[in-house]
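The block underneath contains the structure these notes are about, expressed in structure tokens.
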Amino acid sequence: MNIEILSKGAFESALVQLEHGDELISDAGAMYRASANVDIDVTTRSRGKGGLLAGVKRLLSGNTFFLSTYRTTDGQRGEVGLAPTHQGEIFVIDVEPSTPWICAGGSFLGCSSGLQVDTQFQGLKGFVSGESLFFVEVSGSGQLLVNAFGRIVESDVDHSLTVDTGHLVAFQKSLQYSMTKAGGSWMQSWLAGEGIVMNFSGQGSILTQSHNPTEFGKRLGPLLPTRKQ
Amino acid sequence: MKFDISGNPAYGDLTVALEAGETFWSEGGAMSRMSSHLELKTRLVSGLVKSVVRRLVGGESLLISEYTAAQMAFVSLTPSCPGTILHRRMNGDRFYLTAGSFLACTPNMELQTKFGGLRSFFSGEGAFLIEISGSGDLFFNSFGGVVEKDVNGELVVDTGHVVAFEPTLSYTIGGMGGIKQTMFSGEGLVMRFNGRGKLFLQTRQLPALAGWLTPYCR
């Protein structure tokens with residue numbers, strides 16, 4: 001399987017070459033083109049961990065209920081193009097068995113079938129943030145595609161790093177984190193408009209997105225008509 | 001203090017490296033990542049009443065986030081809209097920003113809201129300006145790319161596309177052409193700039209995006 005990122009810059013997409021026998025998993029609806037010999041199978045379960053519950057958990061994580069699986073049917077090579085819903089960059093992560101990755105809900109675009117995709121309930125920790133209620137855990141060996149709102153920056157955490165929850169894309173599971181306030185007090189933090197941040201510690205990699213969908217929504221939302229119930 | 005702007009023109013973000021004892025100001029909610037030991041406080045710039053007025057009419061946060069470094073630290077800041085970040089060195093002079101264009105500055109600059117006049121109020125755009133004065137580094141942002149225009153004489157621009165301008169420029173707000181053109185050309189109100197100075201324009205405007213998006217919102 002070979003992944004190429006197209007239209008570098010503001011509006012990236014991914015073109016995945018599938019050899020015979022390769023399988024690609026994507027967020028349902030992310031496919032925008034495919035060669036004629038590619039077959040799509042839609043499942044409610046991630047590999048390994050099955051059942052309706054896993055699908056419901058995925059739905060709650062901000063990702064769609066279904067994951068699509070693509071494979072070629074005629075023993076030939078094929079290709080699948082994936083495009084995220086919103087504007088921004090795509091990043092390819094080489095996941096190794098020793099270090100699983102955690103994706104913020106909505107950042108998961110696709111992965112090779114050698115990886116397990118599992119939603120991981122964060123409990124109250126996730127709930128308080130109001131964003132990314134769920135995370136998706138990706139483990140095993142293979143390539144993972146994540147998308148972002150804006151540019152993606154990779155930071156290597158050495159000791160500690162504070163990240164606003166709205167800017168988080170993905171991080172290595174080797175890192176520990178706590179949800180906390182950015183300011184000196186909860187009131188300060190709330191007034192500053194920073195709300196909840198994640199304090200990371202340990203050693204590992206974090207991907208952040210340059211822009212925050214919540215902040216953009218705060219600006220754009222008041223200009224849009226009120227939502228019909 | 002060191003500044004680094006990356007990601008222009010589409011996704012500008014600003015990273016500030018602070019030495020021990022240094023302080024920096026930003027618009028509230030702009031922080032994306034920072035050193036964990038950096039102290040974040042909220043601050044009323046120019047008193048409570050003025051801050052409330054700025055929040056209500058200027059569109060910027062009521063409060064400024066103040067970052068203080070006890071030791072070497074960094075903070076990354078992003079505007080709420082994708083676009084370009086620009087830097088301006090202030091030397092005791094003044095500068096005008098439209099509402100929503102302020103991102104960050106070095107401490108102790110003066111930020112004031114200016115009413116753009118009654119006619120601008122009805123245009124729904126550019127009704128309020130932020131006047132920045134003092135000495136230091138100022139960072140402001142656009143939605144979309146930025147066109148920097150050296151005005152010498154007169155220039156007509158759509159109110160919603162104005163990001164910032166120098167105080168040597170004066171302006172009037174009015175329609176373009178007659179009443180018919182003003183109402184139906186889709187240009188709405190325009191600003192007529194006069195004088196000699198720099199004018200910063202953005203290549204997109206948020207209300208227009210919202211207008212385009214509205215029919216698709218169900």
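Letters for chains follow the order of the structure tokens (A, B, ...), residue numbers begin at 1 for each chain, and ligand numbers begin at 1 in the order shown.
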
Exercise for the section: Using only C-alpha atoms, select each residue of chain B with any atom at most 10 Å away from an atom of chain A, and give the selection as a PyMOL selection string. Expected result: chain B and resi 6-7+9-14+26-43+59+61-67+74-83+100+206-215+217-218

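Between CA of Ser135 in chain B and CA of Gly197 in chain B the interatomic distance comes to 19.1 Å.
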
Exercise for the section: Please measure the separation of CA of Leu115 in chain A and CA of Val95 in chain A, giving the value in Å to one decimal. Expected result: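 Between CA of Leu115 in chain A and CA of Val95 in chain A the gap is 8.1 Å.
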
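Between CA of Asp156 in chain A and CA of Thr85 in chain A there is a distance of 27.5 Å.
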
Practice task
Mind checking which residues fall within 10 Å of Gln203 in chain A, counting only C-alpha atoms, ignoring those fewer than 4 positions away in the same chain, and posting them as JSON, numbers by chain?
Solution key: {"A": [156, 157, 158, 159, 160, 172, 173, 174, 175, 176]}

Practice task
Pick out the closest residue to Gly75 in chain A from this set: A:Leu6, A:Cys111, A:Ala14, A:Val38. Count only C-alpha atoms.
Solution key: A:Val38
